[in-house]
file final_13.cif (mmCIF, C-alpha atoms)
data_start
#
loop_
_atom_site.label_atom_id
_atom_site.label_comp_id
_atom_site.auth_asym_id
_atom_site.auth_seq_id
_atom_site.Cartn_x
_atom_site.Cartn_y
_atom_site.Cartn_z
CA MET V 220 99.77 44.82 80.79
CA SER V 221 102.30 46.50 83.01
CA TYR V 222 103.67 49.96 82.28
CA ARG V 223 107.25 51.01 82.90
CA ILE V 224 107.44 54.07 85.17
CA ARG V 225 109.90 56.84 84.32
CA TYR V 226 110.60 60.05 86.27
CA THR V 227 111.65 63.38 84.83
CA LYS V 228 114.44 65.26 86.60
CA LYS V 229 111.77 67.71 87.76
CA ALA V 230 109.73 64.90 89.36
CA ARG V 231 112.81 63.54 91.16
CA ASP V 232 113.64 67.04 92.40
CA ASP V 233 110.06 67.43 93.65
CA LEU V 234 110.29 64.14 95.54
CA ARG V 235 113.51 65.25 97.22
CA ARG V 236 112.04 68.64 98.12
CA LEU V 237 108.90 67.10 99.63
CA TYR V 238 110.90 64.48 101.53
CA VAL V 239 113.39 66.99 102.95
CA PHE V 240 110.55 69.30 104.00
CA LEU V 241 108.97 66.54 106.10
CA LEU V 242 112.30 65.13 107.24
CA GLU V 243 113.14 68.43 108.93
CA LYS V 244 109.89 68.19 110.91
CA ASP V 245 109.36 64.47 111.56
CA VAL V 246 111.54 61.59 110.34
CA ARG V 247 108.77 59.01 110.78
CA SER V 248 106.27 61.06 108.77
CA ALA V 249 108.83 61.57 106.01
CA ARG V 250 109.30 57.81 105.73
CA ARG V 251 105.56 57.14 105.75
CA ALA V 252 105.03 59.77 103.03
CA ARG V 253 107.80 58.22 100.95
CA ASP V 254 106.16 54.79 101.31
CA ALA V 255 102.68 56.16 100.45
CA ILE V 256 104.03 57.78 97.29
CA ALA V 257 105.89 54.62 96.26
CA LYS V 258 102.78 52.49 96.78
CA ALA V 259 100.66 54.89 94.73
CA VAL V 260 103.21 54.97 91.91
CA ASP V 261 103.13 51.15 91.83
CA PHE V 262 99.41 51.46 91.07
CA LEU V 263 100.29 53.32 87.85
CA GLN V 264 102.08 50.26 86.52
CA ASP V 265 98.72 48.58 86.01
CA PHE V 266 96.02 51.26 85.98
CA PRO V 267 97.23 54.64 84.66
CA PHE V 268 93.99 55.30 82.78
CA SER V 269 91.97 55.12 86.01
CA CYS V 270 93.44 58.42 87.22
CA ARG V 271 91.74 61.75 86.57
CA LYS V 272 92.51 63.76 83.46
CA ALA V 273 94.65 66.83 84.10
CA ASP V 274 93.76 68.41 80.76
CA THR V 275 90.50 67.75 78.92
CA GLY V 276 92.32 68.31 75.63
CA ASN V 277 94.91 65.62 76.32
CA PRO V 278 93.56 62.27 77.57
CA PHE V 279 97.11 61.04 78.24
CA LEU V 280 98.00 63.79 80.74
CA ARG V 281 96.67 62.69 84.14
CA GLU V 282 96.91 63.19 87.88
CA LEU V 283 97.30 60.57 90.57
CA LEU V 284 95.93 61.56 93.98
CA ILE V 285 98.03 60.17 96.82
CA PRO V 286 96.30 60.28 100.21
CA PHE V 287 98.51 61.12 103.17
CA GLY V 288 97.40 62.60 106.46
CA SER V 289 94.77 65.30 106.19
CA ALA V 290 95.80 66.20 102.64
CA GLY V 291 98.23 64.26 100.48
CA TYR V 292 100.15 64.56 97.25
CA VAL V 293 99.42 64.76 93.54
CA ALA V 294 101.56 63.24 90.80
CA LEU V 295 101.25 64.70 87.31
CA PHE V 296 102.05 62.09 84.70
CA GLU V 297 101.74 61.33 81.00
CA ILE V 298 100.95 58.01 79.41
CA GLU V 299 103.61 58.02 76.71
CA ASP V 300 102.65 54.82 74.87
CA ASN V 301 101.42 51.28 75.55
CA GLU V 302 104.48 50.57 77.69
CA THR V 303 105.57 53.79 79.39
CA VAL V 304 104.24 56.23 81.96
CA THR V 305 106.34 59.31 82.69
CA ILE V 306 105.88 61.13 85.96
CA LEU V 307 106.36 64.84 85.30
CA ALA V 308 105.93 66.42 88.74
CA PHE V 309 104.83 65.93 92.33
CA ARG V 310 103.29 68.44 94.66
CA HIS V 311 101.62 68.54 98.03
CA GLN V 312 97.87 69.12 97.71
CA ARG V 313 98.17 72.33 99.70
CA GLU V 314 100.71 73.83 97.32
CA GLU V 315 99.34 76.26 94.76
CA ASP V 316 100.22 74.32 91.63
CA TYR V 317 102.96 72.46 89.81
CA HIS V 318 106.03 74.62 89.35
#
call {"tool": "encode", "arguments": {"input": "final_13.cif", "output": "structure tokens"}}
result
Amino acid sequence: MSYRIRYTKKARDDLRRLYVFLLEKDVRSARRARDAIAKAVDFLQDFPFSCRKADTGNPFLRELLIPFGSAGYVALFEIEDNETVTILAFRHQREEDYH
């Protein structure tokens, strides 16, 4: 079974913010980060339940860890139904929390 991946406006804004932050420092790193995130999101199409639970009270709210450099990124997502995964937010692992 393959899930359809959707992005909230917040998640898209987060991706832009993270990309622009790196782009201002190193174009090559920004592209590699973008590719790492895209590859990780592809993983969700087949295995969303393999990611860690973000909330013990909600088994459908999960986090995908995305390795990159010495830290990486985290994608907060919800398994909506048997066909859809919605990505709610992205953050760098060194940020305090989702905003």
call {"tool": "residues_around", "arguments": {"input": "final_13.cif", "residues": "region 223-235 of chain V", "least_positions_apart": "4", "cutoff": "12 Å", "atoms": "all atoms listed in the file", "output": "compact mmCIF listing (two decimals) with C-alpha atoms, keeping the file's coordinate frame"}}
result
# COMPACT_ATOMS: atom_id res chain seq x y z
CA VAL V 239 113.39 66.99 102.95
CA PHE V 240 110.55 69.30 104.00
CA LEU V 241 108.97 66.54 106.10
CA LEU V 242 112.30 65.13 107.24
CA ALA V 249 108.83 61.57 106.01
CA ALA V 252 105.03 59.77 103.03
CA ARG V 253 107.80 58.22 100.95
CA ASP V 254 106.16 54.79 101.31
CA ILE V 256 104.03 57.78 97.29
CA ALA V 257 105.89 54.62 96.26
CA ALA V 259 100.66 54.89 94.73
CA VAL V 260 103.21 54.97 91.91
CA ASP V 261 103.13 51.15 91.83
CA PHE V 262 99.41 51.46 91.07
CA LEU V 263 100.29 53.32 87.85
CA GLN V 264 102.08 50.26 86.52
CA ASP V 265 98.72 48.58 86.01
CA PHE V 266 96.02 51.26 85.98
CA PRO V 267 97.23 54.64 84.66
CA TYR V 292 100.15 64.56 97.25
CA VAL V 293 99.42 64.76 93.54
CA ALA V 294 101.56 63.24 90.80
CA LEU V 295 101.25 64.70 87.31
CA PHE V 296 102.05 62.09 84.70
CA GLU V 297 101.74 61.33 81.00
CA ILE V 298 100.95 58.01 79.41
CA GLU V 299 103.61 58.02 76.71
CA ASP V 300 102.65 54.82 74.87
CA ASN V 301 101.42 51.28 75.55
CA GLU V 302 104.48 50.57 77.69
CA THR V 303 105.57 53.79 79.39
CA VAL V 304 104.24 56.23 81.96
CA THR V 305 106.34 59.31 82.69
CA ILE V 306 105.88 61.13 85.96
CA LEU V 307 106.36 64.84 85.30
CA ALA V 308 105.93 66.42 88.74
CA PHE V 309 104.83 65.93 92.33
CA ARG V 310 103.29 68.44 94.66
CA HIS V 311 101.62 68.54 98.03
CA GLU V 314 100.71 73.83 97.32
CA TYR V 317 102.96 72.46 89.81
CA HIS V 318 106.03 74.62 89.35
call {"tool": "closest_residue", "arguments": {"input": "final_13.cif", "among": "V:Thr275, V:Ser221, V:Ser248, V:Gln312", "to": "Ala290 (chain V)", "atoms": "all atoms listed in the file"}}
result
V:Gln312
call {"tool": "axis_aligned_box", "arguments": {"input": "final_13.cif", "around": "region 281-289 of chain V", "padding_each_side": "4 Å", "output": "lines of an AutoDock Vina configuration file"}}
result
center_x = 96.6
center_y = 62.7
center_z = 95.3
size_x = 11.7
size_y = 13.1
size_z = 30.3
call {"tool": "atom_distance", "arguments": {"input": "final_13.cif", "atom1": "CA of Arg250 (chain V)", "atom2": "CA of Arg236 (chain V)"}}
result
13.5 Å
call {"tool": "atom_distance", "arguments": {"input": "final_13.cif", "atom1": "CA of Phe287 (chain V)", "atom2": "CA of Tyr222 (chain V)"}}
result
24.2 Å
call {"tool": "build_atoms", "arguments": {"input": "final_13.cif", "residues": "region 245-256 of chain V", "atoms": "all heavy atoms", "output": "compact mmCIF listing (two decimals), in the coordinates of the input"}}
result
# COMPACT_ATOMS: atom_id res chain seq x y z
N ASP V 245 109.68 65.76 110.94
CA ASP V 245 109.36 64.47 111.56
C ASP V 245 109.86 63.33 110.68
O ASP V 245 109.30 63.08 109.60
CB ASP V 245 107.85 64.37 111.75
CG ASP V 245 107.40 63.11 112.46
OD1 ASP V 245 108.23 62.20 112.69
OD2 ASP V 245 106.21 63.02 112.78
N VAL V 246 110.91 62.65 111.13
CA VAL V 246 111.54 61.59 110.34
C VAL V 246 110.53 60.48 110.02
O VAL V 246 110.47 60.00 108.89
CB VAL V 246 112.76 61.00 111.09
CG1 VAL V 246 113.31 59.77 110.38
CG2 VAL V 246 113.83 62.07 111.24
N ARG V 247 109.74 60.10 110.99
CA ARG V 247 108.77 59.01 110.78
C ARG V 247 107.73 59.38 109.72
O ARG V 247 107.40 58.57 108.86
CB ARG V 247 108.09 58.70 112.10
CG ARG V 247 107.87 57.26 112.30
CD ARG V 247 107.47 56.95 113.72
NE ARG V 247 106.43 55.94 113.58
CZ ARG V 247 105.38 55.85 114.32
NH1 ARG V 247 105.18 56.70 115.29
NH2 ARG V 247 104.50 54.91 114.11
N SER V 248 107.24 60.60 109.77
CA SER V 248 106.27 61.06 108.77
C SER V 248 106.89 61.10 107.38
O SER V 248 106.24 60.76 106.39
CB SER V 248 105.73 62.44 109.13
OG SER V 248 104.87 62.37 110.23
N ALA V 249 108.14 61.52 107.31
CA ALA V 249 108.83 61.57 106.01
C ALA V 249 108.91 60.17 105.41
O ALA V 249 108.66 59.99 104.21
CB ALA V 249 110.22 62.16 106.19
N ARG V 250 109.22 59.19 106.23
CA ARG V 250 109.30 57.81 105.73
C ARG V 250 107.93 57.28 105.31
O ARG V 250 107.79 56.60 104.31
CB ARG V 250 109.93 56.91 106.77
CG ARG V 250 111.40 57.18 106.95
CD ARG V 250 112.03 56.28 107.98
NE ARG V 250 113.43 56.61 108.15
CZ ARG V 250 114.07 56.51 109.29
NH1 ARG V 250 113.45 56.06 110.37
NH2 ARG V 250 115.34 56.84 109.36
N ARG V 251 106.91 57.59 106.10
CA ARG V 251 105.56 57.14 105.75
C ARG V 251 105.07 57.81 104.46
O ARG V 251 104.44 57.15 103.64
CB ARG V 251 104.58 57.44 106.90
CG ARG V 251 104.76 56.50 108.08
CD ARG V 251 103.72 56.67 109.19
NE ARG V 251 103.50 58.06 109.57
CZ ARG V 251 102.35 58.72 109.38
NH1 ARG V 251 101.32 58.15 108.85
NH2 ARG V 251 102.25 59.99 109.77
N ALA V 252 105.40 59.08 104.27
CA ALA V 252 105.03 59.77 103.03
C ALA V 252 105.73 59.14 101.84
O ALA V 252 105.12 58.91 100.80
CB ALA V 252 105.37 61.26 103.13
N ARG V 253 107.03 58.87 102.01
CA ARG V 253 107.80 58.22 100.95
C ARG V 253 107.18 56.88 100.57
O ARG V 253 107.01 56.56 99.39
CB ARG V 253 109.25 58.03 101.40
CG ARG V 253 110.13 57.36 100.36
CD ARG V 253 111.44 56.91 100.95
NE ARG V 253 111.18 55.94 102.01
CZ ARG V 253 112.01 55.67 103.00
NH1 ARG V 253 113.16 56.29 103.09
NH2 ARG V 253 111.71 54.76 103.90
N ASP V 254 106.77 56.10 101.56
CA ASP V 254 106.16 54.79 101.31
C ASP V 254 104.79 54.93 100.64
O ASP V 254 104.44 54.16 99.75
CB ASP V 254 106.02 54.00 102.61
CG ASP V 254 107.38 53.59 103.18
OD1 ASP V 254 108.39 53.68 102.46
OD2 ASP V 254 107.40 53.22 104.37
N ALA V 255 104.00 55.92 101.05
CA ALA V 255 102.68 56.16 100.45
C ALA V 255 102.82 56.54 98.98
O ALA V 255 102.06 56.06 98.13
CB ALA V 255 101.93 57.24 101.21
N ILE V 256 103.80 57.37 98.68
CA ILE V 256 104.03 57.78 97.29
C ILE V 256 104.49 56.59 96.46
O ILE V 256 104.00 56.37 95.35
CB ILE V 256 105.04 58.95 97.22
CG1 ILE V 256 104.40 60.22 97.81
CG2 ILE V 256 105.50 59.18 95.79
CD1 ILE V 256 105.37 61.35 98.04
